[in-house]
Each structure stands twice: as structure tokens, then as C-alpha cells.
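These notes are about the structure you will find just below.
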Amino acid sequence: MDEKFDCIIVGAGIAGLAAAMILARNNMKFLLIEKGDFAGAKNVSGGVLWGTDLARLVPEYWKEKDGGWERFINHRRLTFMDEQSTFSLDFKSSHFDEPPYSGVVVLRSKFDRWLAEKVQEAIDESDYAMESFIATNIKVDEVLMEDNKAMGIRTGDEEFHTDSVIIAEGVNNLLSRQVGLQDDYVPADHMLTGIKEVIRFDQKVLEDRFQLDGLSGMSNEFVGYATDGVEGGGFLYTNRDTISLGLVAGIKDMREKEKSPHDILNHFKEHPVIRDTIKGGEVVEYSAHVVSSGDKRVMPRQLYKDGVLLCGEAANLLINAGKAIQGMDFALRSGIIGAETIIKAKEQGDFSSRTLQEYRQALDDSYVMKDINNFQDAVHMLHSPEMYRDIPNLVCDFGRTFFTIDNQPTQKSRKLFSASVKKHSSYWDLIKIGFKGAKSL
Amino acid sequence: MKFYICIKQVPDINAPVQIKNGDLIRDTDRTVLNAYDASAVEEALVLTEKNEGEEDGEVEVVLVGPDNASETIRKALAMGADKATHIRTDGNTDYDSSVYAKILASFFKDKEYDVISCGKQSQDTDAGLTGSMLAEYLDLPYATNAVGLQMEGNQLIVTRQGDAGREVIALPGPCLVTCSNDMNEPRIPSLKGIMQSKRKPVETIGLETLEMEEADLQTQTTVTGYREKPEREAGQKFEGDPEELAHKVAKLLDEEANVI
Amino acid sequence: MSTLLTHIAISDGTIKRSSLEVLSYLRQQADTHGHDAEAVIIDAAASDFVEQVRQYGASKIYTVEDPVFKNHINTPLLKALALVMDKADPYLFAFASTEGTKDILGALAANQDAAVLSDVSAFELTGDGIKATRPVMAAKILSENEARGDKILISVRSGSYEANPKGADGEVVNIDFSIDENEIQATLREIIGASGDKVDLSEAETIVAAGRGTRDEEGQRLVTELASVLNASIGASRALTEAGILDPSLQIGQTGKVVSPRLYIAVGISGAIQHVAGMASSKVIVAINKDPEAPIFDIADYGIVGDLYKVLPPFIEELKNIKR
Ligand SMILES: Cc1cc2nc3c(=O)[nH]c(=O)nc-3n(C[C@H](O)[C@H](O)[C@H](O)COP(=O)(O)OP(=O)(O)OC[C@H]3O[C@@H](n4cnc5c(N)ncnc54)[C@H](O)[C@@H]3O)c2cc1C
Ligand SMILES: Cc1cc2nc3c(=O)[nH]c(=O)nc-3n(C[C@H](O)[C@H](O)[C@H](O)COP(=O)(O)OP(=O)(O)OC[C@H]3O[C@@H](n4cnc5c(N)ncnc54)[C@H](O)[C@@H]3O)c2cc1C
Ligand SMILES: Nc1ncnc2c1ncn2[C@@H]1O[C@H](COP(=O)(O)O)[C@@H](O)[C@H]1O
């Protein structure tokens, strides 16, 4: 079959789906290829899709009868944890109650499938209704290169030709490496394992327990004891009648400390506060997946070359700076920008890096690269032992003494704080962390 | 050679479900092509390919089901079936095997074919009735639970798994067979297959176009509700030195469980 | 007063225990509700089995005897069943859920315009029909069903009820049967891998089931030895039947057989839901698997986490000692 496509997108994750939506709307002839049984089949990262970009893909998605999302976030919490206690920063605001929401919780296996249906609708309405496809259960084995320019893909013994390829394959970036955009060796200390359980409750119980109203939801990040002394952090998001509870932990650090993700998750679940939070729930799903740390040092030096672009986590577009994991929103925006670049390339009849470099330019100008650049220090801090060990201990220790009333003369809080500091960290270290922290935010 | 394959769209049994007040609540509306039907399609494709050159082999799939079953039909077309008929049931999904068999029977009444092939059972309900019902309505010789098929002239040679062993049965055409997934590994559609499937003809017809009586659409059985199975508790799990484990468990089986 | 009729399945010259389970239960139901429990034997030597069926309390026993019934062929069987239904006019006609039954149940229901429920695990009579429980979704959950009408067919999973003898001097009614060769369009050419005198898996008291973990010669040898020590039947997961290592008739699960032995030992089987669908109602389940996370451990009463090649030899020795 010698039909040539304008574009072939590899991977129907958020980045690939976003790109496909834009291509379909602009009457491009393309293929979106996903190796899972369906879009989302392989995805475990139930999480929060931050920001309002989703409305750019599916305008007024909140009006859809059964949209793919679970709840909108109007309640956020950052929790420091030591062995017995938690100390939380908690923010809830009705300011977030009106669409467009600034964050929705999604379960990817459902959300991606829904988004893929929306893309299919867009294809059906496009000029290439019969020529553009979403093909699932197909793994792309190779991006075909000719004179260092992408000109097609191979799956099994079938080859398909195209003017451009968008690689949106996620974190296991085999193709990005194959085309020479990603180094073959990604140091393990920049890779984390994300594991997650979906725990089911009676919906009423869930809503009462987390004070949810209608479709409002909460996101909670955890630092400290959550990861049992291993680099990383935990999270809890409320879905319709389940919660996603999980953590991300450094692969290298885990290996050194001889701990498995499963052990750490169990450890997290046994914390008295978490135990109470998940009481009565039933685990209905367990999954694990590699995720990058968001350290810019592992970003590919370049995100494009002749005829090919990297979008989403394939380009390591992600930050995990303590207050949230942002990967899906970056994937979505980069998919949009990537597709827009391809459309422009088609208009100009030039798919070489000359045109495609505009992708990098637009990405640099967007919040994606700005945030990635600005929050690097925060990323480093989050992945430092101080942050996942000392600070939570210190904060909880302070909390414990501060909130204790034991019929003894009460000390001033400053004094309590310095006592905690003495116990858990030297002043000098604290100053260092303070600096780091201040710099990074 | 003309094969008709009856294919059904069924819920994915691997997806989590819950039961609330007797109702079955599925986490997703994800559906699949019934695995046994996929085997039936596969086998028909193999048999018609073999017969190529002699005369034109044709594989047509028929599905009775709601609008959203078109994805399942595409799957069969992407595997390689030539065309499809979608008999739309619109809202009604509570039909039992008997109603589906009657609908299919009235569809086949004026059709020409050599073989009608069904799955041996639906993966979700395991009923295993539709195939032989359809054969009875159409007055066709049939065999169920086929684990192997072959063409011999216009006879279909069916190897079926029976109580006594594998029975090899010769059926004169036209005939009907129900297929077990033990007979092959259904192919996964290739990208070319997926692309071609979009251009293959799918005829969509409504139930009202079939000659059926109102009563034919009435089920004689109903599902009144669902229940959890009595939970089987995980018992004791032993790890450690194999010798010790072997001794310990053998003893427990003898003295505690009393089953030796 | 209506008739509750049980079909007596015969295979390899013996009555399937599961038919007697069904008959015993129907006799009990007949007693409670004031109905008649009757039975039908269709076989080349039907009269040979009358005595045994009598011991299970059928008040009337229909026999249809013809050489054609030596092997399972659906056309004559359907014809005979239709004849019997005309004669006995059963309100409920129950079968053991064998492969033979699965082959004809739908066709018989269509022919008789009867309501039908297959593979039930429990049922009871109601005023205007029956209520029955069926395992669905690969036996993950149970569905409650109703069948209405004045003619109802069901097939019952083996092991759902106990077979209890209860003497009765049931009257024997012989039904004349003949069939013209031309009526039978299908021809049975041969039977491969006939089970011979092996115990039918669905009736076995002890089963050693072999999975992918046992696929080499040594694994098979260990499984065979374990089975022989325990006087057990050997079963298999699809991984082994598909690979041609064990006979397809030994497959246990959704596609294969449903079993309910007193003791089930799963060796090197992961516990996929389609396998579990066929064995979850075993009384005692033992699992030997090297993967501590294997789902089979979720339902095993005794789980041994370990390499079967290391665990089985001492296990077999120990069992030999116990047996002695
Ligand atoms: C446990 C966990 C929790 C997370 N929580 C959050 C959160 O709360 N908020 C947030 O914003 N981010 C979160 N993330 C990060 C987020 O999931 C990723 O950044 C995001 O999914 C990246 O999207 P993507 O489209 O680039 O890649 P993916 O979503 O990974 O999609 C890539 C797709 O490509 C397919 N594919 C790969 N190779 C091939 C091939 N060769 N051929 C065909 N198809 C292929 C894959 O099957 C997959 O479907 C979390 C991650 C983890 C692991
Ligand atoms: C429609 C449909 C119907 C099906 N019907 C059936 C059916 O009726 N019956 C059936 O069985 N399957 C059926 N299947 C297939 C089923 O899904 C599984 O693929 C199959 O049961 C797997 O067999 P297994 O457990 O032997 O193999 P695997 O899943 O590969 O498991 C092998 C296990 O052996 C363990 N192991 C390996 N080596 C060792 C060792 N040295 N010591 C100890 N443990 C070891 C491994 O840890 C693993 O857990 C069906 C599938 C479909 C789609
Ligand atoms: N709605 C349907 N459309 C097409 N074929 C069907 C349908 N329902 C049942 N069948 C066929 O009958 C088989 C299953 O029968 P049963 O187990 O009785 O539901 C399937 O494998 C199909 O071949």
C-alpha cells in the first residue's frame, strides 16, 4: 500500500492523542499507532491533569455526559510525614469550583480511551475520514530513516511512509534513542518507579471521608516517611468511587537500600494516618511504571530532527517538584505544539529541521519549558535526602510538640522549632535547605 | 466456499466489576470480540485461504448487537473477514441465547452458504446454546465444541472434544459448527488489515427488517440479579526451605485437612 | 403433580456420577413439592443401567435402546429426547452438564420451544418455573436467573449436589425407537484419545493439575509420580494442552472441564481466571509455584512458594510415608 501520510504518531498517550486531535481538526492525513489493546490500556498513572489545556482539545468537556475524567480539584494538600505523624499544608477554595477547572483527576485507562473516541469523532468529521486511523494493538518497531531523515515506520514486516513522525512513546524511549535523539544510557538515578493502587469505597463513604461535594476532588502529596527513607514521595487522588494511592521512588536508591516498590507501598499504607484514611477500602488494581525524575539533565539535547519530533515524556517533559507531578499537562501541551508545527511544515512543504525547530522554540516560549527551567532547583531539592527524610521529621516533630497540651508550661513555638531543628538537622543544613528552597520557588 | 461467522460483542471479563444491590456495575464499558468467535473467524480465514484458486472463498461476519458494536465488527474485518452485517438491536441488550438464535435464524433464512460458524459459548455468560439452537431452527447438521476443522470436497470435517475423546465427524454442507478457542491462536490484525477494514462493506440492518414475530423477541429466561461468590479465603502460604515446606504441607494435608 | 425428569448420561459403560447427583436432588425436590422424579436412559444398552438408576429413587425410568447410541451422535439423540419429552411431558428436564449435553441442549430447547438455562450450580422450583444460579464472567460472580414456562431444560454443573441412593421400585417404560440412516447426515469417523478406563476428571476425588511450570520431561515425571502416590487423576492448564504435552481432554477451566475434587494440587499454574473458573469449587486447594505473587495463591488453602523441582521430590516422599 503506497499511501503516504502527512504524519505518523507513535503512542496514544496524552501527548499522542493531543497531537492527533489537532491534526484531525486541521484535515491532516495521519496514523496514530498504539501498542496497547486500546488507548490507555498500558497506562497506570492515574493522576491529576493540571491546567486548563484539556478544554482546548475537547471544548467544554465538563458538559459531556460521561467524560473520561473523575473529579475536579478544589482541595490540595501537601503532607509531611514521619513514623507516627503527619503535618499538612491544606488549601481548599471555592475559587476552583467553576469550569474551566484547573485540574482534573483522571484514571488513564478510562480517560485515554475517552479521548481516543473524541479523536475518532474528529477524524470522522475531517477530510480524511477514510484515510486517517487510530490503530491499536500495533507496536512500532522502528522509525525508518533515510539520509538521517525520518520517512516512515516499520511494524513487523509492514512499512508505512510519511512526511513526518511524532514520537510520543512515553518514558520507555526506545524509538527516541533509535532515531538518535536520546542518549542510549539514561542514568538510573534519574529514573523513578511509580506504583499505584486503586482502592474502592462506597461512593458515599468516600465523599464523606474526603468532604467531596458533587464532582469535587482532592489531591494530596506526601513527603517523608511515605517512601521509607527512599528518595521519592507519595500521592493520593480521589476518583469517583475510588482513590489512587501510590508513590514514586528512586530506582537506584531503592536498589541500594534493597527495597522493592511493593514493600514501600505496603509500608506507606501501614502508616497510622494512611491506614485510617483507607480503612474499609478494597484494592481493585495495582500497577507499576517507570517515570523520570524531571531532572533537566536527562532531557534529550534536541527534541527534533529532520522529519521527526519528540513529545511528552518521550522528551522527558515532566517535573516532580513536591507540590505536584506534572507530566500529563506537559504531554498535552507539547502534543498540541508538535502538531501545530507539523501543520506549518506541511503548509511550507518542508518537514526538515528548519521548520521543525519551531517546535522547540514554541515549547521554550510556553509554560512547559519555563516551568521545567525554573523548578530545577526544587526538583533537586525534592530528590535530596533532606527533603524526603530530615524536613518531614523536623516538621512533624515540631507539630507534635506544638500541638501537645500536657499540663506543663508551654514553650514558645520558636523555641519548639529550634529544638526540633537541633534534633533532626544542623542549623547549617537548615540554612542550606532554606536557601535552596527559597531559590527554587 | 462461503462462511458466515456469528460474532458477538462481550464485556471484557478481565475488567473489574462490582455488585451493588444485586446489580452488576462495570468499571468500564470496554468490550471485546468473544474469544471463541475470534477463533471461528481465524479458522474460516485459514480454510478459505487454503481453498483459494479453486473457487472464491468468502468470509462474512454477522453480529447482532447495539450501535457501539461496530468496533468489534471492525476487528473481525481487520483480521481478514471480507464483509459484515450488523443487525442492530438498539436499546435492548437483555436478550438471551434463544432470542439471538431466532434473530440469526431469520437473517439466514434466505441466505446461501456452505458453513455457519459460531463460538462454542459467550465468554461472559458461558451459555453455549445459540449455536445448536440456530442449527435446529435452520435444520442444519451441526457439531459443537470443534477443536479442528478441515474441508473435504463440500464436507466439513470437524474434530470435536467430546466426553469420550476427540470425535471426528463429517458434516455435509450446508452445516453449522461451534468453535472452541483450543483450535487456533487468532491472528492479531496487522496495521494493513486495520486500514483495509475501514473500506470493507458493513451492512447495517434493523430488527424490523427481519421477518419476526413480536413473541420471538420475548425471552423465556431472565437474569434477576448478581451475587458475589462466597469468598474463598487465601489460606496459609509457606516460604522457605523446600524440604521443610514439603514435610510441613504434607503433614497438614494429612492431619489438618484430612485429604490424604 | 408434574414430572421432573433427569437425563442419565452414560459414558464408557458407566453412569456419570453427575447425573445421579441431579437425580438425587430432583427426587428430593419432587418429595417436597409433590411431584414425580423420573429418569431417562438413552443408550445402546440402556436396560443394563436400570437397576442402578432405580437405587436413586426414580419413580419411572424411560429407556431408549438402539445401537446407534453406542457413540454420541446428536441427530438420533435429539430425536430420542424429543420422543421422551412427548411421552413424559416433563415440566422440568434436567441434565448433567457434560460435553454430550452441551452438544444438544440448545437444539432440544429450540425444537421443543422450551426455556433453557445451561450450566447452573444451584436451582429450585418456583410456582411458575425455576430459579437458578449460574456462575458467569469466568465464574468470577454468580448470576440469579429465572426460567418460565411449562417446559424447562437445565444442565447442572457436576458437584453441585450430592448423589444419595434411595431405593424405589421405579416402573420401567421402554420407548420404541428407530432411525433411518438417511436421517443422520453427519457421520462419526473415529474417536481419538478415547479416555478408556481413566476416571473422568469431573468426577475425580483427587486431581494433580500441571501447568506451564512442569512442561519439561522432569516436570511431567514428577507430576505423574505425585498423581500415582495420591491415586489422583491428572489435569492440566491450557498452557500444557495447547503445547500438546497433555491431552486436550485434561484441560480444566472455562474452555475445559469443571472439576470439584476433595483435593486439587496445582503445580506450576499461575491461576488465570479462565483456569480458576474450572476448579475454584475444589474442597482443598494446594498450590506450588515459585512466584509468591501468583494469583493461584489467593485461592489456595495451602500455598507452597518454591521451585517445584525442589519441592516435589521431598513432598512425594513424605506423602509416600504417610500412605504407608
Ligand atoms: C504512578 C504515576 C503517577 C503519575 N501521576 C501524575 C500526575 O498526577 N499528574 C501528571 O501530570 N503526571 C503524572 N504522571 C506522569 C505522567 O503519567 C506522564 O508524564 C504522562 O503519561 C506522559 O504522557 P505521554 O503521552 O508522553 O506518554 P504515555 O502516557 O506514557 O503514553 C505513551 C504511549 O505510547 C505507547 N507506546 C510506546 N511505545 C510504543 C511503540 N513502539 N509503538 C506503539 N505504541 C507505543 C504506550 O503504550 C503508551 O500508551 C505519573 C506517572 C506515574 C508513573
Ligand atoms: C477464552 C479463553 C479461555 C481459556 N480457557 C482456559 C481453560 O479452560 N483452562 C486454562 O487452564 N486456561 C484457559 N485459558 C488460558 C488462561 O488465560 C492462561 O493462559 C492459562 O491458564 C495459563 O496456564 P499456566 O498457569 O499453566 O501458565 P502460566 O500462566 O504461564 O503460569 C505458569 C506458572 O508456573 C510457575 N512456574 C514456572 N516454573 C516453575 C517452577 N520451576 N516451580 C514452580 N513454579 C513454576 C510460574 O511462576 C507461573 O505462575 C483461556 C483463555 C482464554 C482467552
Ligand atoms: N448477538 C449475537 N450476534 C452474533 N452471534 C451471536 C450473538 N449471540 C450469540 N452468538 C453466537 O453464539 C455464540 C455464543 O452462544 P451463547 O453462549 O449461547 O451466548 C457466540 O460465540 C456467537 O457465535
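Chain lettering (A, B, ...) mirrors the order of the C-alpha cells, residue numbering begins at 1 for each chain separately, and ligand numbering begins at 1 in order of display.
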Expected answer as a PDB file with N, CA and C atoms, in the first residue's frame: chain A residues within 8 Å of chain B, only C-alpha atoms:
```pdb
ATOM      1  N   MET A   1       0.856  -1.199   0.000  1.00  0.00           N
ATOM      2  CA  MET A   1       0.000   0.000   0.000  1.00  0.00           C
ATOM      3  C   MET A   1       0.884   1.238   0.000  1.00  0.00           C
ATOM      4  N   LYS A 110      -9.303   4.832  31.474  1.00  0.00           N
ATOM      5  CA  LYS A 110     -10.612   5.312  31.047  1.00  0.00           C
ATOM      6  C   LYS A 110     -10.479   6.610  30.255  1.00  0.00           C
ATOM      7  N   MET A 130     -11.671   8.565   5.857  1.00  0.00           N
ATOM      8  CA  MET A 130     -11.385   7.186   5.466  1.00  0.00           C
ATOM      9  C   MET A 130      -9.895   6.884   5.414  1.00  0.00           C
ATOM     10  N   GLU A 131      -9.078   7.896   5.500  1.00  0.00           N
ATOM     11  CA  GLU A 131      -7.640   7.666   5.321  1.00  0.00           C
ATOM     12  C   GLU A 131      -6.821   7.847   6.595  1.00  0.00           C
ATOM     13  N   PHE A 133      -6.272   7.039  10.656  1.00  0.00           N
ATOM     14  CA  PHE A 133      -6.628   5.921  11.532  1.00  0.00           C
ATOM     15  C   PHE A 133      -6.062   6.046  12.924  1.00  0.00           C
ATOM     16  N   ALA A 135      -4.850   3.135  15.181  1.00  0.00           N
ATOM     17  CA  ALA A 135      -4.646   1.681  15.130  1.00  0.00           C
ATOM     18  C   ALA A 135      -4.088   1.217  16.460  1.00  0.00           C
ATOM     19  N   ASN A 137      -3.104  -2.044  19.300  1.00  0.00           N
ATOM     20  CA  ASN A 137      -2.526  -3.376  19.275  1.00  0.00           C
ATOM     21  C   ASN A 137      -1.426  -3.515  18.210  1.00  0.00           C
ATOM     22  N   ILE A 138      -0.836  -2.404  17.866  1.00  0.00           N
ATOM     23  CA  ILE A 138       0.250  -2.418  16.894  1.00  0.00           C
ATOM     24  C   ILE A 138       1.455  -1.742  17.529  1.00  0.00           C
ATOM     25  N   THR A 155       6.391  -1.798  11.342  1.00  0.00           N
ATOM     26  CA  THR A 155       5.818  -2.640  12.390  1.00  0.00           C
ATOM     27  C   THR A 155       5.773  -4.052  11.846  1.00  0.00           C
ATOM     28  N   GLU A 158       5.706  -4.863   8.042  1.00  0.00           N
ATOM     29  CA  GLU A 158       4.995  -3.854   7.258  1.00  0.00           C
ATOM     30  C   GLU A 158       5.675  -2.492   7.417  1.00  0.00           C
ATOM     31  N   VAL A 284      -8.533  -2.665  44.108  1.00  0.00           N
ATOM     32  CA  VAL A 284      -9.062  -3.298  42.898  1.00  0.00           C
ATOM     33  C   VAL A 284      -8.054  -3.314  41.759  1.00  0.00           C
TER      34      VAL A 284
END
```
- Task: Could you give me, as an MDAnalysis selection string, every polymer residue with an atom at most 7 Å away from an atom of ligand 2, counting only C-alpha atoms and all ligand atoms?
- Result: (chainID B and resid 35:36 123 181) or (chainID C and resid 210:214 236:240 251:257 267:275 278 288:291 294 306:309)
- Query: Which parts of range 182-220 of chain A does DSSP call helix (DSSP H, G or I) when run on the backbone here, written out as a ChimeraX atom specification?
  - Reply: /A:188-190,203-209
- Task: May I ask you to write as JSON, numbers by chain all residues lying at most 6 Å from ligand 3, with only C-alpha atoms and all ligand atoms counted?
- Result: {"B": [6, 7, 8, 36, 37, 62, 63, 64, 65, 97, 100, 118, 119, 120, 121, 122, 126, 127, 128, 129, 130, 131]}
- Tell me the residues of chain B close to chain C, meaning within 6 Å using only C-alpha atoms, as a VMD selection string. chain B and resid 13 124 to 125 127 129 132 to 133 136 144 162 to 171 220 to 229 232 234 to 239 242 to 243 246
- Task: Please indicate the distance in Å from atom 41 (N, counted along the ligand's line) of ligand 1 to CA of Asp141 in chain A, rounded to one decimal place.
- Result: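 Straight-line distance from atom 41 (N, counted along the ligand's line) of ligand 1 to CA of Asp141 in chain A works out to 5.6 Å.
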